[in-house]
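*Asks:* What follows is a single structure, and I will ask about it in a moment.
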Amino acid sequence: MAEEPVHKKPCRAPGKIDRACIYAIVPARAGSKGVKGKNIKDFCGKPLMAWAINNGVQSKYITRTFVSTDSDEYRQVAISHGAEAPFLRPAEISHDTATDFELFVHFLQWMKENEPPEKYPSLLVQLRPTAPCLTVETVDAAIARFLENEDEAYDSLRSVTPADHEPFNMYFVDAHGDSGNRLVPLIPVSHHKDDPSHIINEPQSVARQILPKIYWHNAYIDLIRPETITEQGCCMGRRCLS
């Protein structure tokens with residue numbers, strides 16, 4: 001299926017979320033290089049992807065749970081555990097470096113072409129198979145948090161956890177100059193944690209206690225308004241709720 005390009009449109013305030021159209025998407029391609037067949041490997045008595053599917057099916061907010069896969073075998077596993085898998089993801093967006101954005105563009109285009117307008121998703125919930133210990137209570141808490149803040153014009157929500165290594169002391173190695181030996185700070189400039197106007201030009205050389213806390217995107221759960229994909233041309237948007 002040929003996909004229409006996503007064109008960025010002027011940003012407008014997000015509308016109310018239709019509670020009947022909160023859909024989960026479980027991304028489960030078959031071509032894992034690290035662990036062959038990873039997404040259907042047994043984990044505590046179920047295929048790995050089944051844990052994510054169950055969270056979608058059991059959620060009190062999610063009304064439909066889809067699996068996006070390029071494998072007919074995975075598709076049958078998904079259906080047997082209660083998910084919808086009405087299409088196979090094209091090979092060109094199922095390789096090692098394929099992005100979440102491409103997955104969502106394909107899904108939204110499929111919905112537009114194959115479902116009536118009133119069934120178009122109002123909120124997308126990405127549940128990755130690689131977080132099998134995620135509970136439905138956490139999923140519902142994240143959705144509830146987003147719904148409680150729906151008038152605040154958030155484009156998305158991401159689950160995060162405090163970084164367990166000090167990001168201010170992390171560096172790139174410049175591979176294109178100085179014979180590949182020069183360290184380049186990952187965060188060259190920051191600010192005082194209590195005063196954003198107090199700029200710190202070399203945060204690698206000050207006490208960490210005065211620097212802002214940094215969080216790591218753990219990828220357990222992402223919530224995305226469809227218009228973030230179609231109008232802003234990205235997954236996170238301008239305003240992301242934690």
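Every chain in the structure tokens has a letter given in the order shown (A, B, ...), and although residue numbers restart at 1 in each chain, ligands are simply numbered from 1 in the order shown.
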Check range 85-232 of chain A with DSSP on the backbone and list each residue it calls strand (DSSP E or B), as a PyMOL selection string.
*Replies:* chain A and resi 123-127+156-162+171-174+182-185+190-192+195-200+215-224
*Asks:* Hey, could you make a per-residue contact list for range 190-226 of chain A against range 43-66 of chain A with 12 Å as the cut-off, showing the nearest pair of atoms and its distance in Å to one decimal, counting only C-alpha atoms, sorted by chain and number, as JSON lines?
*Replies:*
{"residue": "A:Tyr220", "atom": "CA", "partner": "A:Ala52", "partner_atom": "CA", "distance": 9.8}
{"residue": "A:Ile221", "atom": "CA", "partner": "A:Ala52", "partner_atom": "CA", "distance": 10.0}
{"residue": "A:Leu223", "atom": "CA", "partner": "A:Ile62", "partner_atom": "CA", "distance": 11.4}
*Asks:* Could you write those residues out with N, CA and C atoms, as a PDB file, in the first residue's frame?
*Replies:*
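After the write, result-v8.pdb holds the following:
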ATOM      1  N   TYR A 220       8.684   2.123  28.486  1.00  0.00           N
ATOM      2  CA  TYR A 220       7.653   1.211  28.967  1.00  0.00           C
ATOM      3  C   TYR A 220       6.304   1.532  28.336  1.00  0.00           C
ATOM      4  N   ILE A 221       5.984   2.823  28.276  1.00  0.00           N
ATOM      5  CA  ILE A 221       4.702   3.237  27.727  1.00  0.00           C
ATOM      6  C   ILE A 221       4.826   4.630  27.136  1.00  0.00           C
ATOM      7  N   LEU A 223       2.300   7.595  25.131  1.00  0.00           N
ATOM      8  CA  LEU A 223       0.984   8.031  24.665  1.00  0.00           C
ATOM      9  C   LEU A 223       1.198   9.146  23.657  1.00  0.00           C
TER      10      LEU A 223
END
*Asks:* For CA of Val26 in chain A and CA of Asp70 in chain A, quote the distance in Å rounded to one decimal.
*Replies:*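 Atom-to-atom, CA of Val26 in chain A to CA of Asp70 in chain A, that is 12.2 Å.
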*Asks:* Which of these, A:Ile40, A:Ala131, A:Ile22, A:Ile229, has the shortest distance to Ser159 in chain A once you count only C-alpha atoms?
*Replies:* A:Ala131
*Asks:* Give the alpha helix (DSSP H) residues of range 106-218 of chain A, as assigned by DSSP on the backbone, as a list in words.
*Replies:*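 Here is the list: His106, Phe107, Leu108, Gln109, Trp110, Met111, Lys112, Glu113, Asn114, Val136, Glu137, Thr138, Val139, Asp140, Ala141, Ala142, Ile143, Ala144, Arg145, Phe146, Leu147 and Glu148 of chain A.
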*Asks:* Can I get the selection written as a compact mmCIF listing (two decimals), in the first residue's frame, with N, CA and C atoms?
*Replies:*
# COMPACT_ATOMS: atom_id res chain seq x y z
N HIS A 106 2.08 4.60 9.11
CA HIS A 106 1.45 3.47 8.41
C HIS A 106 0.13 3.09 9.08
N PHE A 107 0.13 3.02 10.41
CA PHE A 107 -1.09 2.63 11.12
C PHE A 107 -2.22 3.63 10.90
N LEU A 108 -1.91 4.91 11.02
CA LEU A 108 -2.94 5.94 10.87
C LEU A 108 -3.47 5.97 9.43
N GLN A 109 -2.59 5.75 8.47
CA GLN A 109 -3.04 5.72 7.09
C GLN A 109 -3.95 4.51 6.84
N TRP A 110 -3.58 3.37 7.45
CA TRP A 110 -4.42 2.18 7.31
C TRP A 110 -5.80 2.43 7.93
N MET A 111 -5.83 3.05 9.09
CA MET A 111 -7.10 3.34 9.74
C MET A 111 -7.95 4.27 8.88
N LYS A 112 -7.32 5.27 8.31
CA LYS A 112 -8.03 6.24 7.49
C LYS A 112 -8.67 5.57 6.27
N GLU A 113 -7.95 4.59 5.70
CA GLU A 113 -8.41 3.96 4.48
C GLU A 113 -9.37 2.79 4.71
N ASN A 114 -9.35 2.21 5.91
CA ASN A 114 -10.09 0.97 6.14
C ASN A 114 -11.15 1.02 7.22
N VAL A 136 -0.85 -3.60 34.04
CA VAL A 136 -1.99 -2.86 33.51
C VAL A 136 -2.32 -1.68 34.42
N GLU A 137 -2.01 -1.79 35.71
CA GLU A 137 -2.26 -0.67 36.62
C GLU A 137 -1.40 0.53 36.24
N THR A 138 -0.14 0.27 35.85
CA THR A 138 0.73 1.37 35.43
C THR A 138 0.25 1.96 34.11
N VAL A 139 -0.17 1.10 33.19
CA VAL A 139 -0.72 1.58 31.92
C VAL A 139 -1.91 2.49 32.18
N ASP A 140 -2.84 2.05 33.01
CA ASP A 140 -4.03 2.84 33.28
C ASP A 140 -3.70 4.13 34.02
N ALA A 141 -2.70 4.08 34.89
CA ALA A 141 -2.31 5.30 35.61
C ALA A 141 -1.74 6.33 34.64
N ALA A 142 -0.98 5.88 33.65
CA ALA A 142 -0.41 6.79 32.66
C ALA A 142 -1.53 7.42 31.81
N ILE A 143 -2.47 6.61 31.39
CA ILE A 143 -3.58 7.13 30.58
C ILE A 143 -4.43 8.10 31.41
N ALA A 144 -4.70 7.73 32.65
CA ALA A 144 -5.47 8.61 33.53
C ALA A 144 -4.78 9.96 33.70
N ARG A 145 -3.47 9.94 33.87
CA ARG A 145 -2.70 11.18 34.03
C ARG A 145 -2.85 12.06 32.79
N PHE A 146 -2.78 11.43 31.62
CA PHE A 146 -2.90 12.20 30.38
C PHE A 146 -4.31 12.79 30.24
N LEU A 147 -5.31 11.98 30.55
CA LEU A 147 -6.68 12.45 30.43
C LEU A 147 -6.98 13.58 31.42
N GLU A 148 -6.39 13.49 32.61
CA GLU A 148 -6.57 14.55 33.60
C GLU A 148 -5.97 15.88 33.14
*Asks:* Which residue, A:Glu102, A:Asp96, A:Glu118, A:Asp18, has the smallest gap to Cys234 in chain A when you use only C-alpha atoms?
*Replies:*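 Ranked by minimum distance to Cys234 in chain A, first place goes to A:Glu102.
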*Asks:* Might you pull out every residue within 8 Å of Pro212 in chain A, with only C-alpha atoms counted and same-chain residues fewer than 5 positions away left off, and present them as a VMD selection string?
*Replies:* chain A and resid 191 to 194
*Asks:* CA of Ile25 in chain A and CA of Leu123 in chain A are how many Å apart?
*Replies:*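 Separating CA of Ile25 in chain A from CA of Leu123 in chain A is a distance of 10.5 Å.
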*Asks:* Find the nearest atom pair between each residue of range 96-185 of chain A and range 235-238 of chain A for residues within 8 Å, count only C-alpha atoms, give distances in Å to one decimal, sort rows by chain and ascending number, and present the table as CSV.
*Replies:*
residue,atom,partner,partner_atom,distance
A:Asp100,CA,A:Cys235,CA,7.5
A:Phe101,CA,A:Cys235,CA,6.0
A:Tyr154,CA,A:Arg238,CA,7.8
A:Asp155,CA,A:Gly237,CA,5.4
A:Ser156,CA,A:Met236,CA,5.7
A:Leu157,CA,A:Met236,CA,7.7
*Asks:* Generate the output file for the selected residues, N, CA, C and O atoms, as a JSON list (two decimals), in the first residue's frame.
*Replies:*
[["chain", "number", "residue", "atom", "x", "y", "z"],
["A", 100, "ASP", "N", 9.66, 4.52, 15.03],
["A", 100, "ASP", "CA", 8.29, 4.53, 15.56],
["A", 100, "ASP", "C", 7.40, 5.43, 14.70],
["A", 100, "ASP", "O", 6.24, 5.11, 14.46],
["A", 101, "PHE", "N", 7.96, 6.54, 14.27],
["A", 101, "PHE", "CA", 7.19, 7.48, 13.46],
["A", 101, "PHE", "C", 6.65, 6.80, 12.20],
["A", 101, "PHE", "O", 5.47, 6.96, 11.85],
["A", 154, "TYR", "N", -1.03, 18.95, 25.92],
["A", 154, "TYR", "CA", 0.11, 18.04, 25.78],
["A", 154, "TYR", "C", -0.07, 17.20, 24.51],
["A", 154, "TYR", "O", -1.17, 16.76, 24.18],
["A", 155, "ASP", "N", 1.03, 17.01, 23.82],
["A", 155, "ASP", "CA", 1.02, 16.23, 22.58],
["A", 155, "ASP", "C", 1.28, 14.75, 22.81],
["A", 155, "ASP", "O", 0.92, 13.91, 21.98],
["A", 156, "SER", "N", 1.93, 14.42, 23.93],
["A", 156, "SER", "CA", 2.33, 13.04, 24.18],
["A", 156, "SER", "C", 2.64, 12.86, 25.64],
["A", 156, "SER", "O", 2.68, 13.83, 26.42],
["A", 157, "LEU", "N", 2.87, 11.63, 26.02],
["A", 157, "LEU", "CA", 3.37, 11.28, 27.36],
["A", 157, "LEU", "C", 4.41, 10.18, 27.19],
["A", 157, "LEU", "O", 4.24, 9.28, 26.36]]
*Asks:* Can you tell me, as an MDAnalysis selection string, what residues are no more than 10 Å from Pro203 in chain A when counting only C-alpha atoms, ignoring any on the same chain fewer than 6 positions away?
*Replies:* chainID A and resid 167:169 185 187:192 210:211
*Asks:* Counting only C-alpha atoms, which residue out of A:Ala24, A:Ile214, A:Leu103, A:Val35 sits closest to Leu127 in chain A?
*Replies:* A:Ala24
*Asks:* Here is a test: counting only C-alpha atoms, which residue of A:Arg29, A:Gly233, A:Glu73, A:Arg128 is nearest to Glu92 in chain A?
*Replies:*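 Checking each of A:Arg29, A:Gly233, A:Glu73, A:Arg128 against Glu92 in chain A, counting only C-alpha atoms, the winner is A:Arg29.
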*Asks:* Looking at A:Thr99, A:Ser68, A:Ser32, A:Ser197, which one is nearest to Phe87 in chain A, with distances taken over only C-alpha atoms?
*Replies:* A:Ser68
